[in-house]
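Below is start.tsv, which holds TSV, C-alpha atoms.
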```
chain	number	residue	atom	x	y	z
S	1	GLY	CA	0.00	0.00	0.00
S	2	GLU	CA	2.99	2.33	-0.04
S	3	PRO	CA	3.14	4.44	-3.25
S	4	LEU	CA	6.41	4.46	-5.16
S	5	PRO	CA	8.27	7.79	-5.61
S	6	ALA	CA	7.07	8.12	-9.21
S	7	GLY	CA	8.92	11.42	-9.70
S	8	LYS	CA	12.28	9.78	-9.10
S	9	VAL	CA	11.47	7.00	-11.56
S	10	VAL	CA	10.36	9.37	-14.31
S	11	ALA	CA	13.35	11.67	-13.78
S	12	ALA	CA	15.77	8.78	-14.28
S	13	ILE	CA	14.29	7.39	-17.50
S	14	GLY	CA	16.05	9.81	-19.82
S	15	THR	CA	19.47	9.04	-18.35
S	16	LEU	CA	18.82	5.31	-18.48
S	17	ARG	CA	17.82	5.42	-22.13
S	18	ALA	CA	20.91	7.43	-23.06
S	19	ASN	CA	23.16	4.86	-21.42
S	20	LEU	CA	21.63	1.67	-22.82
S	21	LYS	CA	24.22	-0.97	-23.70
S	22	PRO	CA	23.83	-4.48	-25.09
S	23	GLU	CA	26.11	-6.12	-22.50
S	24	THR	CA	24.36	-5.02	-19.28
S	25	TRP	CA	22.04	-8.00	-18.80
S	26	HIS	CA	23.78	-9.08	-15.60
S	27	GLU	CA	23.54	-5.58	-14.12
S	28	SER	CA	19.85	-5.44	-15.04
S	29	ALA	CA	19.18	-8.76	-13.34
S	30	LYS	CA	20.95	-7.49	-10.21
S	31	ALA	CA	18.99	-4.22	-10.26
S	32	ILE	CA	15.60	-5.94	-9.82
S	33	MET	CA	16.65	-8.18	-6.92
S	34	THR	CA	14.88	-7.88	-3.55
S	35	THR	CA	15.47	-10.74	-1.11
S	36	ASP	CA	17.11	-12.72	-3.92
S	37	THR	CA	20.61	-13.99	-3.13
S	38	PHE	CA	21.75	-14.11	-6.77
S	39	PRO	CA	20.71	-12.49	-10.08
S	40	LYS	CA	18.65	-14.72	-12.37
S	41	GLY	CA	19.05	-14.89	-16.12
S	42	ALA	CA	18.99	-17.30	-19.05
S	43	THR	CA	19.57	-17.24	-22.79
S	44	ARG	CA	18.63	-19.53	-25.67
S	45	THR	CA	18.98	-19.49	-29.45
S	46	ALA	CA	16.69	-20.96	-32.09
S	47	ARG	CA	16.20	-20.89	-35.84
S	48	ILE	CA	13.20	-19.45	-37.62
S	49	GLY	CA	13.70	-20.62	-41.18
S	50	ASP	CA	17.43	-20.20	-41.77
S	51	THR	CA	17.77	-17.27	-39.37
S	52	LYS	CA	19.21	-17.68	-35.90
S	53	VAL	CA	17.39	-15.65	-33.24
S	54	THR	CA	18.19	-15.10	-29.58
S	55	ILE	CA	15.97	-15.17	-26.50
S	56	ASN	CA	17.25	-13.51	-23.32
S	57	GLY	CA	15.42	-13.46	-20.01
S	58	ILE	CA	15.92	-12.06	-16.51
S	59	CYS	CA	13.70	-12.39	-13.48
S	60	LYS	CA	13.57	-11.81	-9.75
S	61	GLY	CA	11.76	-13.58	-6.95
S	62	SER	CA	12.54	-15.43	-3.74
S	63	GLY	CA	9.59	-15.22	-1.33
S	64	MET	CA	5.79	-15.05	-1.65
S	65	ILE	CA	6.14	-17.40	-4.60
S	66	ALA	CA	3.12	-19.40	-5.67
S	67	PRO	CA	0.94	-19.69	-8.78
S	68	ASP	CA	-0.44	-17.79	-10.45
S	69	MET	CA	2.27	-16.44	-10.51
S	70	ALA	CA	4.18	-15.03	-7.53
S	71	THR	CA	6.02	-12.01	-6.12
S	72	MET	CA	8.14	-12.19	-9.18
S	73	LEU	CA	9.07	-10.02	-12.12
S	74	GLY	CA	10.17	-11.61	-15.39
S	75	PHE	CA	11.34	-9.88	-18.57
S	76	VAL	CA	12.05	-11.90	-21.72
S	77	PHE	CA	13.34	-10.40	-24.98
S	78	THR	CA	13.93	-11.73	-28.48
S	79	ASP	CA	15.18	-10.20	-31.69
S	80	ALA	CA	12.64	-12.26	-33.66
S	81	ALA	CA	9.91	-10.49	-35.66
S	82	ILE	CA	6.84	-12.11	-34.11
S	83	PRO	CA	3.44	-10.37	-33.78
S	84	ALA	CA	2.15	-9.60	-30.28
S	85	PRO	CA	-0.83	-12.03	-30.36
S	86	VAL	CA	1.50	-14.87	-31.34
S	87	LEU	CA	3.94	-13.94	-28.58
S	88	GLN	CA	1.07	-13.84	-26.09
S	89	GLU	CA	-0.15	-17.32	-26.97
S	90	MET	CA	3.33	-18.84	-26.70
S	91	LEU	CA	4.06	-16.99	-23.45
S	92	SER	CA	0.78	-18.07	-21.84
S	93	ARG	CA	1.42	-21.68	-22.79
S	94	GLY	CA	5.01	-21.57	-21.56
S	95	THR	CA	4.13	-19.78	-18.33
S	96	ASP	CA	1.54	-22.40	-17.46
S	97	LYS	CA	4.27	-25.06	-17.53
S	98	SER	CA	6.88	-23.01	-15.68
S	99	PHE	CA	6.11	-19.99	-13.49
S	100	ASN	CA	2.64	-21.38	-12.72
S	101	CYS	CA	4.18	-24.63	-11.49
S	102	ILE	CA	6.45	-23.22	-8.78
S	103	THR	CA	5.87	-22.47	-5.12
S	104	VAL	CA	8.09	-21.40	-2.24
S	105	ASP	CA	5.52	-20.72	0.46
S	106	SER	CA	2.06	-20.79	-1.18
S	107	ASP	CA	1.73	-17.00	-0.84
S	108	THR	CA	1.03	-14.65	-3.74
S	109	SER	CA	1.11	-10.88	-4.18
S	110	THR	CA	0.25	-8.06	-6.55
S	111	SER	CA	3.64	-8.10	-8.27
S	112	ASP	CA	3.27	-11.16	-10.49
S	113	THR	CA	4.44	-10.17	-13.97
S	114	VAL	CA	6.20	-11.81	-16.87
S	115	LEU	CA	6.54	-9.92	-20.15
S	116	LEU	CA	7.81	-11.05	-23.55
S	117	PHE	CA	9.14	-8.47	-26.01
S	118	ALA	CA	10.12	-8.87	-29.68
S	119	THR	CA	12.35	-6.21	-31.23
S	120	GLY	CA	11.77	-7.43	-34.79
S	121	LYS	CA	15.42	-6.89	-35.74
S	122	ALA	CA	15.89	-10.39	-37.18
S	123	SER	CA	14.98	-11.13	-40.79
S	124	HIS	CA	13.16	-14.44	-41.16
S	125	PRO	CA	10.04	-15.91	-42.82
S	126	PRO	CA	6.89	-14.15	-41.55
S	127	VAL	CA	4.83	-15.97	-38.93
S	128	GLU	CA	1.17	-15.40	-38.20
S	129	SER	CA	0.31	-18.24	-35.83
S	130	ALA	CA	1.86	-19.72	-32.68
S	131	ARG	CA	1.46	-23.11	-34.35
S	132	ASP	CA	3.46	-22.08	-37.42
S	133	ALA	CA	5.96	-24.81	-38.34
S	134	HIS	CA	8.69	-22.14	-38.58
S	135	LEU	CA	8.28	-21.56	-34.82
S	136	LYS	CA	8.76	-25.16	-33.67
S	137	GLU	CA	12.35	-24.60	-32.52
S	138	PHE	CA	11.54	-21.15	-31.10
S	139	ARG	CA	8.62	-22.50	-29.03
S	140	ALA	CA	10.80	-25.21	-27.51
S	141	ALA	CA	13.60	-22.74	-26.72
S	142	LEU	CA	11.18	-20.27	-25.14
S	143	GLU	CA	9.58	-22.91	-22.91
S	144	ASP	CA	13.00	-24.19	-21.90
S	145	LEU	CA	14.14	-20.67	-20.98
S	146	LEU	CA	10.98	-19.96	-18.96
S	147	THR	CA	11.41	-23.21	-17.04
S	148	ASP	CA	15.07	-22.40	-16.38
S	149	LEU	CA	14.15	-19.00	-14.92
S	150	ALA	CA	11.26	-20.44	-12.85
S	151	VAL	CA	13.46	-23.14	-11.32
S	152	GLN	CA	16.12	-20.55	-10.47
S	153	ILE	CA	13.49	-18.70	-8.43
S	154	VAL	CA	12.60	-21.82	-6.44
S	155	ARG	CA	16.24	-22.73	-5.92
S	156	ASP	CA	16.70	-19.27	-4.40
S	157	GLY	CA	13.57	-19.51	-2.23
S	158	GLU	CA	13.89	-17.58	1.02
S	159	GLY	CA	15.91	-19.69	3.45
S	160	ALA	CA	15.94	-22.65	1.05
S	161	SER	CA	18.71	-25.23	1.07
S	162	LYS	CA	17.15	-27.77	-1.34
S	163	LEU	CA	15.36	-27.68	-4.68
S	164	VAL	CA	12.52	-30.20	-4.82
S	165	THR	CA	11.08	-31.57	-8.08
S	166	ILE	CA	7.75	-33.35	-7.70
S	167	ASP	CA	6.38	-35.54	-10.50
S	168	VAL	CA	2.81	-36.73	-10.20
S	169	MET	CA	1.45	-39.36	-12.57
S	170	GLY	CA	-1.55	-41.65	-12.75
S	171	ALA	CA	-4.00	-38.93	-11.71
S	172	ALA	CA	-7.53	-38.56	-13.06
S	173	SER	CA	-6.43	-35.62	-15.24
S	174	ALA	CA	-3.51	-33.28	-15.83
S	175	LYS	CA	-5.25	-30.60	-13.74
S	176	ALA	CA	-5.76	-33.06	-10.91
S	177	ALA	CA	-2.10	-34.08	-11.08
S	178	LYS	CA	-1.04	-30.43	-10.84
S	179	ARG	CA	-3.29	-29.81	-7.82
S	180	ILE	CA	-1.92	-32.90	-6.09
S	181	GLY	CA	1.63	-31.84	-6.88
S	182	LEU	CA	1.07	-28.36	-5.47
S	183	ALA	CA	-0.59	-29.79	-2.35
S	184	ILE	CA	2.59	-31.78	-1.72
S	185	ALA	CA	4.82	-28.83	-2.62
S	186	ASN	CA	2.96	-26.44	-0.31
S	187	SER	CA	2.75	-28.77	2.71
S	188	PRO	CA	4.78	-27.35	5.64
S	189	LEU	CA	5.15	-30.90	6.99
S	190	VAL	CA	6.58	-32.20	3.71
S	191	LYS	CA	8.86	-29.19	3.33
S	192	THR	CA	10.21	-29.36	6.89
S	193	ALA	CA	10.77	-33.11	6.55
S	194	ILE	CA	12.89	-32.40	3.47
S	195	ALA	CA	14.79	-29.69	5.36
S	196	GLY	CA	15.44	-32.25	8.10
S	197	GLU	CA	16.53	-34.81	5.46
S	198	ASP	CA	13.82	-37.20	6.62
S	199	ALA	CA	12.29	-39.40	3.91
S	200	ASN	CA	8.89	-39.35	5.63
S	201	TRP	CA	6.67	-40.64	2.83
S	202	GLY	CA	3.65	-40.65	5.16
S	203	ARG	CA	3.61	-36.86	4.92
S	204	ILE	CA	3.44	-37.13	1.14
S	205	VAL	CA	0.44	-39.45	1.43
S	206	MET	CA	-1.19	-36.90	3.77
S	207	ALA	CA	-0.69	-34.11	1.22
S	208	VAL	CA	-2.19	-36.23	-1.57
S	209	GLY	CA	-5.23	-36.81	0.64
S	210	LYS	CA	-5.78	-33.13	1.44
S	211	SER	CA	-5.56	-32.04	-2.22
S	212	GLY	CA	-9.26	-32.76	-2.70
S	213	GLU	CA	-8.54	-34.78	-5.84
S	214	TRP	CA	-9.57	-38.36	-6.52
S	215	ALA	CA	-7.10	-40.75	-4.92
S	216	ASP	CA	-6.99	-44.21	-3.39
S	217	ARG	CA	-4.46	-44.83	-0.65
S	218	ASP	CA	-4.15	-48.50	-1.59
S	219	ARG	CA	-3.06	-47.64	-5.15
S	220	LEU	CA	-0.44	-45.04	-4.25
S	221	ALA	CA	3.21	-45.59	-5.08
S	222	ILE	CA	6.00	-43.21	-4.05
S	223	LYS	CA	9.63	-42.92	-5.14
S	224	ILE	CA	12.26	-40.72	-3.52
S	225	GLY	CA	15.46	-40.26	-5.47
S	226	GLY	CA	14.29	-42.95	-7.89
S	227	VAL	CA	13.92	-45.56	-5.12
S	228	GLU	CA	10.44	-46.97	-4.57
S	229	VAL	CA	9.66	-46.52	-0.87
S	230	ALA	CA	5.90	-47.12	-0.88
S	231	LYS	CA	3.59	-49.23	-3.01
S	232	GLU	CA	-0.12	-49.94	-2.75
S	233	GLY	CA	-0.30	-47.56	0.20
S	234	ALA	CA	2.30	-49.35	2.32
S	235	ALA	CA	6.05	-49.35	2.76
S	236	VAL	CA	7.96	-51.49	0.27
S	237	GLU	CA	9.08	-54.44	2.31
S	238	GLY	CA	12.83	-54.69	2.69
S	239	TYR	CA	13.71	-51.66	0.54
S	240	ASP	CA	17.26	-50.38	0.99
S	241	GLU	CA	17.01	-47.02	2.77
S	242	THR	CA	20.72	-46.21	2.32
S	243	PRO	CA	20.47	-44.54	-1.12
S	244	VAL	CA	17.32	-42.71	-0.02
S	245	VAL	CA	19.11	-41.25	3.01
S	246	ALA	CA	22.03	-40.23	0.81
S	247	HIS	CA	19.63	-38.59	-1.66
S	248	MET	CA	17.91	-36.60	1.08
S	249	LYS	CA	21.26	-35.12	2.09
S	250	GLY	CA	21.73	-33.64	-1.37
S	251	GLN	CA	20.53	-30.29	-2.71
S	252	ASP	CA	18.30	-31.61	-5.50
S	253	ILE	CA	15.45	-33.78	-4.22
S	254	GLN	CA	13.30	-35.90	-6.55
S	255	ILE	CA	9.85	-37.11	-5.49
S	256	GLU	CA	7.61	-39.21	-7.72
S	257	VAL	CA	4.01	-40.04	-6.83
S	258	ASP	CA	1.91	-42.48	-8.87
S	259	ILE	CA	-1.78	-42.08	-8.02
S	260	GLY	CA	-2.60	-45.27	-9.94
S	261	LEU	CA	-5.97	-44.13	-11.28
S	262	GLY	CA	-5.57	-42.48	-14.68
S	263	LYS	CA	-3.17	-40.88	-17.16
S	264	GLY	CA	-2.90	-37.34	-15.75
S	265	ARG	CA	0.59	-36.12	-15.00
S	266	ALA	CA	2.30	-32.89	-13.95
S	267	ARG	CA	5.62	-31.57	-12.68
S	268	VAL	CA	5.96	-28.85	-10.04
S	269	TRP	CA	8.90	-27.39	-8.17
S	270	THR	CA	9.31	-26.23	-4.59
S	271	CYS	CA	11.99	-25.88	-1.93
S	272	ASP	CA	12.43	-26.95	1.66
S	273	LEU	CA	11.21	-24.88	4.61
S	274	THR	CA	13.96	-23.90	7.05
S	275	HIS	CA	14.21	-21.64	10.06
S	276	ALA	CA	15.95	-19.10	7.85
S	277	TYR	CA	12.59	-18.43	6.16
S	278	ILE	CA	11.21	-17.35	9.54
S	279	ASP	CA	14.28	-15.22	10.20
S	280	ILE	CA	13.88	-13.39	6.87
S	281	ASN	CA	10.15	-12.79	7.11
S	282	GLY	CA	9.96	-12.26	10.85
S	283	SER	CA	12.12	-9.15	10.49
S	284	TYR	CA	11.02	-8.06	7.01
S	285	ARG	CA	9.92	-4.52	7.95
S	286	SER	CA	12.51	-3.92	10.65
```

Once more with this new file: its structure as structure tokens, please.
Amino acid sequence: GEPLPAGKVVAAIGTLRANLKPETWHESAKAIMTTDTFPKGATRTARIGDTKVTINGICKGSGMIAPDMATMLGFVFTDAAIPAPVLQEMLSRGTDKSFNCITVDSDTSTSDTVLLFATGKASHPPVESARDAHLKEFRAALEDLLTDLAVQIVRDGEGASKLVTIDVMGAASAKAAKRIGLAIANSPLVKTAIAGEDANWGRIVMAVGKSGEWADRDRLAIKIGGVEVAKEGAAVEGYDETPVVAHMKGQDIQIEVDIGLGKGRARVWTCDLTHAYIDINGSYRS
């Protein structure tokens, strides 16, 4: 609710424009940081016809991160000559698979923005549809870049020490799989267990149950770090816990949940919940 000093912003625009340089991406990424601990950027190239085009992106975000989208700002630029409606369709599709699949703490804010700009400097065959065959490589590169930026945000979640990738499969639909995945990703009990390096699969079962989606405990299967720890709603008898413990001590945690009911699948990303998150947000204004 605090208004920005608009006069200062407006007064600086002329100077900024006069000093624009092509090599200041890193400085720009640093300039938009808030509680971020590192600047976030990514670049990709693709061909439209025989012409190579570039996609550059920067973003910021670390706390209050949850779909749709988060306390995040994202700016993506390309030198391709692509009409705005086509850009919008590709960006919406890519955002739904990336920025709308991340969560740090389940909290959102008013600052959720990602923008895609095309300068039109590149000379390539004209495109009029997001489904144009000329854009196949560009679409893939754009989605890959958006996912890269989104995952960087989660990896830098406030107080986070671990990046967590959650794959849900066998759900009634893709939407159901996403809701289940986010229920797991947003569970304080799951997130604190991961922070404590405890492979407590019972907490994952709990989160599946509270998602409100169709599930059957006796069909559930869970893998942690690629090791099946639960099947048909019970612990896998005699499974070797050693690699699971070793996996939990790492910085990249993989959780797979098979609902066992349908073909719906989704991937979401989150981070662990540590005391450092409380330290950051407990003293935010002071």

Nearest to Asp148 of chain S among S:Gly264, S:Leu91, S:Ala42, S:Glu232, with distances taken over only C-alpha atoms: which residue is it? S:Ala42

Would you please work out which residue, of S:Val236, S:Val76, S:Leu4, S:Ala193, is nearest to Met248 of chain S when using all atoms listed in the file?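 Among the listed residues, S:Ala193 lies closest to Met248 of chain S.
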
Excluding Gly159 of chain S and residues on its chain fewer than 5 positions from it, collect all residues at most 8 Å away from it, counting all atoms listed in the file, and give them as a ChimeraX atom specification. /S:273-277,280

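The residue that comes closest to Pro39 of chain S, out of S:Pro243, S:Gly61, S:Pro188, S:Gly120 and on the basis of all atoms listed in the file, is S:Gly61.
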
Mind giving me the straight-line distance from atom CA of Glu228 of chain S to atom CA of Asn200 of chain S in Å, one decimal?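 One can read the atom CA of Glu228 of chain S to atom CA of Asn200 of chain S distance as 12.8 Å.
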
What gap, in Å, lies between atom CA of Glu137 of chain S and atom CA of Asp96 of chain S?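 For atom CA of Glu137 of chain S relative to atom CA of Asp96 of chain S, the distance reads 18.7 Å.
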
Shell around Thr119 of chain S at 12 Å using all atoms listed in the file, local window under 6 positions removed, as a list in words: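 Counting all atoms listed in the file, the residues come to Val53, Thr54, Ile55, Asn56, Val76, Phe77, Thr78, Asp79, Ala80, Ala81, Ile82, Pro83, Ala84 and Leu87 of chain S.
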
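Every protein or nucleic acid residue with an atom no more than 7 Å from Val190 of chain S, counting all atoms listed in the file and leaving out same-chain residues fewer than 3 positions away, appears here: Ile184, Ser187, Ala193, Ile194, Arg203 and Ile204 of chain S.
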
Give the answer as one residue: which of S:Gly233, S:Gly262, S:Gly170, S:Gly157 has the shortest atom-to-atom distance to Met206 of chain S, using only C-alpha atoms?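 Closest to Met206 of chain S, using only C-alpha atoms: S:Gly233.
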
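Of note, atom CA of Ala176 of chain S and atom CA of Thr95 of chain S are spaced 18.1 Å apart.
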
Which of S:Ala66, S:Leu142, S:Val244, S:Ile166 sits closest to Met90 of chain S [using all atoms listed in the file]: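 That would be S:Leu142, the residue with the smallest distance to Met90 of chain S.
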
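The residue that comes closest to Gln251 of chain S, out of S:Arg267, S:Lys231, S:Arg155, S:Lys121 and on the basis of only C-alpha atoms, is S:Arg155.
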
Any idea what's packed within 8 Å of Ala230 of chain S, counting all atoms listed in the file, ignoring anything in its chain fewer than 6 positions away? Could you give it as an mmCIF file with C-alpha atoms, in the coordinates of the input?
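Written file, around-v1.cif:
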```cif
data_model
loop_
_atom_site.group_PDB
_atom_site.id
_atom_site.type_symbol
_atom_site.label_atom_id
_atom_site.label_comp_id
_atom_site.auth_asym_id
_atom_site.auth_seq_id
_atom_site.Cartn_x
_atom_site.Cartn_y
_atom_site.Cartn_z
ATOM 1 C CA TRP S 201 6.670 -40.640 2.830
ATOM 2 C CA LEU S 220 -0.440 -45.040 -4.250
ATOM 3 C CA ALA S 221 3.210 -45.590 -5.080
ATOM 4 C CA ILE S 222 6.000 -43.210 -4.050
ATOM 5 C CA LYS S 223 9.630 -42.920 -5.140
ATOM 6 C CA VAL S 236 7.960 -51.490 0.270
#
```
